[in-house]
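Next comes data_8.pdb, with PDB, C-alpha atoms.
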```
ATOM      1  CA  MET A1290       0.000   0.000   0.000
ATOM      2  CA  ILE A1291       1.318   3.453  -0.888
ATOM      3  CA  ASN A1292       0.427   6.915   0.282
ATOM      4  CA  VAL A1293       1.045   9.855  -2.057
ATOM      5  CA  LYS A1294       0.862  13.358  -0.568
ATOM      6  CA  PHE A1295       2.009  16.838  -1.476
ATOM      7  CA  TYR A1296       3.467  19.410   0.885
ATOM      8  CA  LEU A1297       4.939  22.900   0.704
ATOM      9  CA  ASP A1298       8.649  23.269   1.365
ATOM     10  CA  LYS A1299      10.381  26.437   2.619
ATOM     11  CA  ALA A1300       9.609  29.659   0.750
ATOM     12  CA  ASP A1301      12.035  31.170  -1.730
ATOM     13  CA  LYS A1302      13.060  34.858  -1.810
ATOM     14  CA  SER A1303       9.827  35.853  -3.570
ATOM     15  CA  ASN A1304       7.803  34.155  -0.806
ATOM     16  CA  ARG A1305       6.646  31.332  -3.092
ATOM     17  CA  TYR A1306       6.604  27.824  -1.691
ATOM     18  CA  PRO A1307       7.783  24.836  -3.766
ATOM     19  CA  ILE A1308       5.329  21.936  -3.930
ATOM     20  CA  HIS A1309       6.927  18.578  -3.163
ATOM     21  CA  LEU A1310       5.556  15.081  -3.575
ATOM     22  CA  VAL A1311       6.212  12.629  -0.777
ATOM     23  CA  LEU A1312       5.517   8.948  -1.206
ATOM     24  CA  HIS A1313       5.274   6.523   1.690
ATOM     25  CA  SER A1314       5.245   2.806   1.071
ATOM     26  CA  LYS A1315       5.904  -0.165   3.282
ATOM     27  CA  ASN A1316       9.667   0.021   2.868
ATOM     28  CA  SER A1317      10.427   3.497   1.628
ATOM     29  CA  LYS A1318       9.828   7.203   1.766
ATOM     30  CA  VAL A1319      10.641   9.255  -1.326
ATOM     31  CA  LYS A1320      10.504  13.052  -1.682
ATOM     32  CA  VAL A1321      10.630  14.841  -5.035
ATOM     33  CA  ALA A1322      10.226  18.506  -5.978
ATOM     34  CA  THR A1323       7.433  18.992  -8.545
ATOM     35  CA  GLY A1324       8.914  22.203  -9.940
ATOM     36  CA  GLU A1325       5.786  24.196  -9.049
ATOM     37  CA  LYS A1326       5.768  27.130  -6.614
ATOM     38  CA  ILE A1327       2.788  28.937  -5.095
ATOM     39  CA  LEU A1328       1.906  31.372  -2.350
ATOM     40  CA  LYS A1329       1.177  29.662   0.962
ATOM     41  CA  ASP A1330      -2.354  31.100   1.106
ATOM     42  CA  ASP A1331      -3.163  29.422  -2.235
ATOM     43  CA  TRP A1332      -2.551  25.898  -0.892
ATOM     44  CA  ASP A1333      -5.497  23.789   0.300
ATOM     45  CA  ILE A1334      -3.703  21.341   2.575
ATOM     46  CA  GLU A1335      -6.789  19.226   3.243
ATOM     47  CA  ASN A1336      -7.593  18.583  -0.430
ATOM     48  CA  GLN A1337      -3.947  18.655  -1.566
ATOM     49  CA  LEU A1338      -4.727  21.209  -4.297
ATOM     50  CA  VAL A1339      -3.982  24.773  -5.278
ATOM     51  CA  GLU A1340      -6.966  27.043  -4.695
ATOM     52  CA  ASN A1341      -8.392  29.008  -7.602
ATOM     53  CA  SER A1342      -6.932  32.252  -6.252
ATOM     54  CA  ASP A1343      -3.684  31.352  -8.063
ATOM     55  CA  GLU A1344      -3.865  32.154 -11.784
ATOM     56  CA  SER A1345      -2.332  28.835 -12.845
ATOM     57  CA  TYR A1346      -4.242  26.662 -10.381
ATOM     58  CA  LYS A1347      -5.924  24.495 -13.060
ATOM     59  CA  SER A1348      -2.636  23.618 -14.705
ATOM     60  CA  ILE A1349      -0.875  22.878 -11.410
ATOM     61  CA  ASN A1350      -3.766  20.798 -10.033
ATOM     62  CA  LYS A1351      -4.014  18.784 -13.213
ATOM     63  CA  PHE A1352      -0.282  18.106 -13.059
ATOM     64  CA  LEU A1353      -0.426  17.075  -9.379
ATOM     65  CA  ASN A1354      -3.325  14.709 -10.106
ATOM     66  CA  PHE A1355      -1.419  13.297 -13.075
ATOM     67  CA  LEU A1356       1.661  12.655 -10.897
ATOM     68  CA  LYS A1357      -0.410  10.959  -8.214
ATOM     69  CA  LYS A1358      -2.160   8.697 -10.736
ATOM     70  CA  GLU A1359       1.115   7.785 -12.430
ATOM     71  CA  VAL A1360       2.707   6.825  -9.100
ATOM     72  CA  GLU A1361      -0.312   4.714  -8.159
ATOM     73  CA  LYS A1362      -0.287   3.080 -11.608
ATOM     74  CA  TYR A1363       3.438   2.392 -11.301
ATOM     75  CA  PHE A1364       2.895   0.569  -8.009
ATOM     76  CA  ASP A1365       0.005  -1.424  -9.481
ATOM     77  CA  THR A1366       1.879  -2.587 -12.585
ATOM     78  CA  GLU A1367       5.553  -2.999 -11.610
ATOM     79  CA  LEU A1368       6.983  -6.034  -9.899
ATOM     80  CA  HIS A1369       7.355  -5.417  -6.182
ATOM     81  CA  THR A1370      11.056  -6.227  -6.392
ATOM     82  CA  ASN A1371      11.474  -3.093  -8.556
ATOM     83  CA  PHE A1372      10.349  -0.741  -5.780
ATOM     84  CA  THR A1373      13.635   0.761  -4.767
ATOM     85  CA  ASP A1374      13.850   4.392  -3.707
ATOM     86  CA  LYS A1375      16.160   5.050  -6.644
ATOM     87  CA  LYS A1376      13.787   3.576  -9.259
ATOM     88  CA  ILE A1377      10.773   5.381  -7.821
ATOM     89  CA  LYS A1378      12.670   8.671  -7.799
ATOM     90  CA  GLU A1379      13.813   8.097 -11.406
ATOM     91  CA  LYS A1380      10.213   7.481 -12.531
ATOM     92  CA  LEU A1381       8.977  10.652 -10.832
ATOM     93  CA  SER A1382      11.901  12.714 -12.077
ATOM     94  CA  THR A1383      11.191  11.588 -15.651
ATOM     95  CA  LEU A1384       7.552  12.693 -15.413
ATOM     96  CA  ILE A1385       8.471  16.026 -13.831
ATOM     97  CA  SER A1386      11.309  16.849 -16.216
ATOM     98  CA  SER A1387       9.107  15.989 -19.200
ATOM     99  CA  ARG A1388       6.617  18.595 -18.025
ATOM    100  CA  ARG A1389       9.328  21.224 -17.468
ATOM    101  CA  GLU A1390      10.597  20.766 -21.016
ATOM    102  CA  ASN A1391       7.135  21.331 -22.457
ATOM    103  CA  THR A1392       5.732  24.221 -20.422
ATOM    104  CA  GLY A1393       7.729  27.161 -21.713
ATOM    105  CA  LEU A1394       5.081  28.232 -24.202
ATOM    106  CA  ASN A1395       1.535  29.299 -23.403
ATOM    107  CA  ILE A1396      -0.202  30.304 -26.597
ATOM    108  CA  VAL A1397      -3.860  30.335 -25.572
ATOM    109  CA  SER A1398      -5.691  30.164 -22.285
ATOM    110  CA  GLU A1399      -9.153  31.204 -23.444
ATOM    111  CA  PRO A1400     -10.824  30.970 -26.848
ATOM    112  CA  PRO A1401     -10.223  34.175 -28.813
ATOM    113  CA  ALA A1402     -12.935  36.844 -28.460
ATOM    114  CA  GLU A1403     -13.831  36.381 -32.136
ATOM    115  CA  TYR A1404     -15.139  32.890 -31.255
ATOM    116  CA  GLU A1405     -17.943  34.360 -29.145
ATOM    117  CA  THR A1406     -19.951  35.014 -32.308
ATOM    118  CA  LYS A1407     -19.177  31.616 -33.835
ATOM    119  CA  SER A1408     -20.811  28.311 -33.060
ATOM    120  CA  LYS A1409     -18.627  25.473 -31.915
ATOM    121  CA  ILE A1410     -18.415  21.892 -33.072
ATOM    122  CA  THR A1411     -17.212  19.597 -30.311
ATOM    123  CA  PHE A1412     -14.887  16.731 -31.206
ATOM    124  CA  VAL A1413     -12.980  13.869 -29.601
ATOM    125  CA  ASP A1414      -9.858  12.175 -30.914
ATOM    126  CA  LEU A1415      -9.806   8.377 -30.499
ATOM    127  CA  PHE A1416      -6.532   6.549 -31.266
ATOM    128  CA  ALA A1417      -5.014  10.023 -30.890
ATOM    129  CA  GLY A1418      -1.334   9.170 -31.183
ATOM    130  CA  ALA A1419       0.704  12.372 -31.057
ATOM    131  CA  GLY A1420      -2.380  14.477 -31.892
ATOM    132  CA  GLY A1421      -2.154  15.278 -35.599
ATOM    133  CA  PHE A1422      -5.926  14.873 -36.062
ATOM    134  CA  SER A1423      -6.579  17.264 -33.176
ATOM    135  CA  GLU A1424      -4.069  19.803 -34.523
ATOM    136  CA  GLY A1425      -5.858  19.848 -37.871
ATOM    137  CA  PHE A1426      -9.260  20.498 -36.313
ATOM    138  CA  LEU A1427      -7.926  23.169 -33.967
ATOM    139  CA  GLN A1428      -6.441  25.055 -36.909
ATOM    140  CA  ALA A1429      -9.541  24.668 -39.074
ATOM    141  CA  GLU A1430     -12.585  26.913 -39.212
ATOM    142  CA  TYR A1431     -15.577  26.542 -41.452
ATOM    143  CA  GLY A1432     -17.913  29.411 -42.106
ATOM    144  CA  ASN A1433     -19.206  30.639 -38.768
ATOM    145  CA  LYS A1434     -17.956  27.567 -36.846
ATOM    146  CA  TYR A1435     -14.867  26.523 -34.936
ATOM    147  CA  TYR A1436     -13.834  23.176 -33.446
ATOM    148  CA  ASP A1437     -13.794  22.603 -29.682
ATOM    149  CA  PHE A1438     -11.451  19.824 -28.546
ATOM    150  CA  ARG A1439     -12.838  17.924 -25.517
ATOM    151  CA  LEU A1440     -11.110  14.533 -25.242
ATOM    152  CA  ALA A1441      -8.326  12.406 -26.710
ATOM    153  CA  SER A1442      -7.650   8.743 -26.085
ATOM    154  CA  ASP A1443      -4.798   6.389 -26.807
ATOM    155  CA  ILE A1444      -3.268   3.396 -25.047
ATOM    156  CA  ASN A1445       0.307   4.713 -25.177
ATOM    157  CA  GLU A1446       1.859   6.607 -22.231
ATOM    158  CA  ASN A1447       4.018   8.771 -24.513
ATOM    159  CA  CYS A1448       0.908   9.907 -26.377
ATOM    160  CA  GLU A1449      -0.582  11.013 -23.065
ATOM    161  CA  LEU A1450       2.554  12.979 -22.166
ATOM    162  CA  THR A1451       2.589  14.616 -25.618
ATOM    163  CA  HIS A1452      -1.090  15.490 -25.279
ATOM    164  CA  LEU A1453      -0.611  17.045 -21.834
ATOM    165  CA  ALA A1454       2.412  19.012 -22.971
ATOM    166  CA  ARG A1455       0.845  20.356 -26.166
ATOM    167  CA  TYR A1456      -2.846  20.819 -25.505
ATOM    168  CA  TYR A1457      -2.985  21.428 -21.795
ATOM    169  CA  TYR A1458       0.261  23.150 -20.856
ATOM    170  CA  GLN A1459       1.168  24.938 -24.100
ATOM    171  CA  LEU A1460      -2.275  25.786 -25.454
ATOM    172  CA  GLY A1461      -4.117  25.953 -22.127
ATOM    173  CA  LEU A1462      -7.033  23.805 -23.326
ATOM    174  CA  ASP A1463      -9.165  21.764 -20.938
ATOM    175  CA  ALA A1464      -9.176  18.749 -23.260
ATOM    176  CA  GLU A1465      -8.895  15.565 -21.228
ATOM    177  CA  PHE A1466      -6.813  12.519 -22.103
ATOM    178  CA  LEU A1467      -7.945   8.979 -21.419
ATOM    179  CA  ARG A1468      -5.153   6.409 -21.547
ATOM    180  CA  GLN A1469      -7.089   3.193 -21.805
ATOM    181  CA  ASP A1470      -7.668   0.339 -24.229
ATOM    182  CA  ILE A1471     -10.809   1.119 -26.223
ATOM    183  CA  THR A1472     -11.779  -2.580 -26.183
ATOM    184  CA  GLU A1473     -12.145  -2.629 -22.388
ATOM    185  CA  PRO A1474     -15.815  -2.903 -21.329
ATOM    186  CA  ASP A1475     -15.740   0.234 -19.132
ATOM    187  CA  PHE A1476     -14.112   2.453 -21.789
ATOM    188  CA  PHE A1477     -17.276   4.310 -22.815
ATOM    189  CA  ARG A1478     -18.365   4.950 -19.234
TER     190      ARG A1478
END
```

Mind turning this structure into structure tokens?
Amino acid sequence: MINVKFYLDKADKSNRYPIHLVLHSKNSKVKVATGEKILKDDWDIENQLVENSDESYKSINKFLNFLKKEVEKYFDTELHTNFTDKKIKEKLSTLISSRRENTGLNIVSEPPAEYETKSKITFVDLFAGAGGFSEGFLQAEYGNKYYDFRLASDINENCELTHLARYYYQLGLDAEFLRQDITEPDFFR
């Protein structure tokens, strides 16, 4: 059984507190910096989330939830003999550094004002891969319509990381990603 929690470390010079992940399992305790910093008043310690008073709270909360799910998934799928502090830390560091590499650009956080007069066509991208289908729709407009990206799905972990980096962190879209086999009975739920 594992326990994944987040905590705030000591504040930096600008009075922002780094968010750290701490993982407790039967035989180990691992701490890793997430790379995110917030004001202390923006942290909801009970729910382990950033409150919406911080302008980037959605992005940070989504990332924290992603990290927690990935750690839980790792413990569910790996052989128990692989659970060394070093391997756990490497897995977390890979996820965190992948996000850092892909968050330098924030093109859009809200649909442009011109879209208020246009009607939207909602779409999902199944078997999404790296997201070429989604890119095409996001760049396309037809008459008085634009395309609203809601969900992508693929079975591959790298596709999920690419999706999060591009559509959530870079473009600021709320499009979800479902990493699951489409043939599983609970997929459509």

What residues come out when you apply the PyMOL selection byres ((chain A and resi 1325-1341) around 10) to this file, written as JSON, numbers by chain?
-> {"A": [1294, 1295, 1296, 1297, 1298, 1299, 1300, 1301, 1303, 1304, 1305, 1306, 1307, 1308, 1309, 1322, 1323, 1324, 1342, 1343, 1344, 1345, 1346, 1347, 1348, 1349, 1350, 1351, 1352, 1353, 1354, 1385, 1389]}

Might you pull out every residue within 12 Å of segment 1435-1445 of chain A, with all atoms listed in the file counted and same-chain residues fewer than 6 positions away left off, and present them as a count of residues only?
-> 51

Can you turn the PyMOL selection byres ((chain A and resi 1292) around 9) into a concrete residue list for this file, as a list in words?
-> Met1290, Ile1291, Val1293, Lys1294, Val1311, Leu1312, His1313, Ser1314 and Glu1361 of chain A

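A straight line drawn from atom CA of Arg1455 of chain A to atom CA of Val1319 of chain A is 28.9 Å long.
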
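Put simply, atom CA of Lys1318 of chain A is 29.3 Å away from atom CA of Tyr1458 of chain A.
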
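For the set A:Tyr1363, A:Glu1446, A:Asp1475, A:Ala1454, the residue with the smallest atom-to-atom gap to Leu1381 of chain A is A:Tyr1363, counting all atoms listed in the file.
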
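You will find atom CA of Lys1375 of chain A at 10.2 Å from atom CA of Ser1317 of chain A.
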
Pick from A:Lys1434, A:Gln1459, A:Arg1478, A:Leu1356, whichever lies nearest to Thr1383 of chain A using all atoms listed in the file = A:Leu1356

Restricting to only C-alpha atoms, whichever of A:Leu1384, A:Val1321, A:Glu1430, A:Asp1374 is closest to Lys1358 of chain A is A:Leu1384
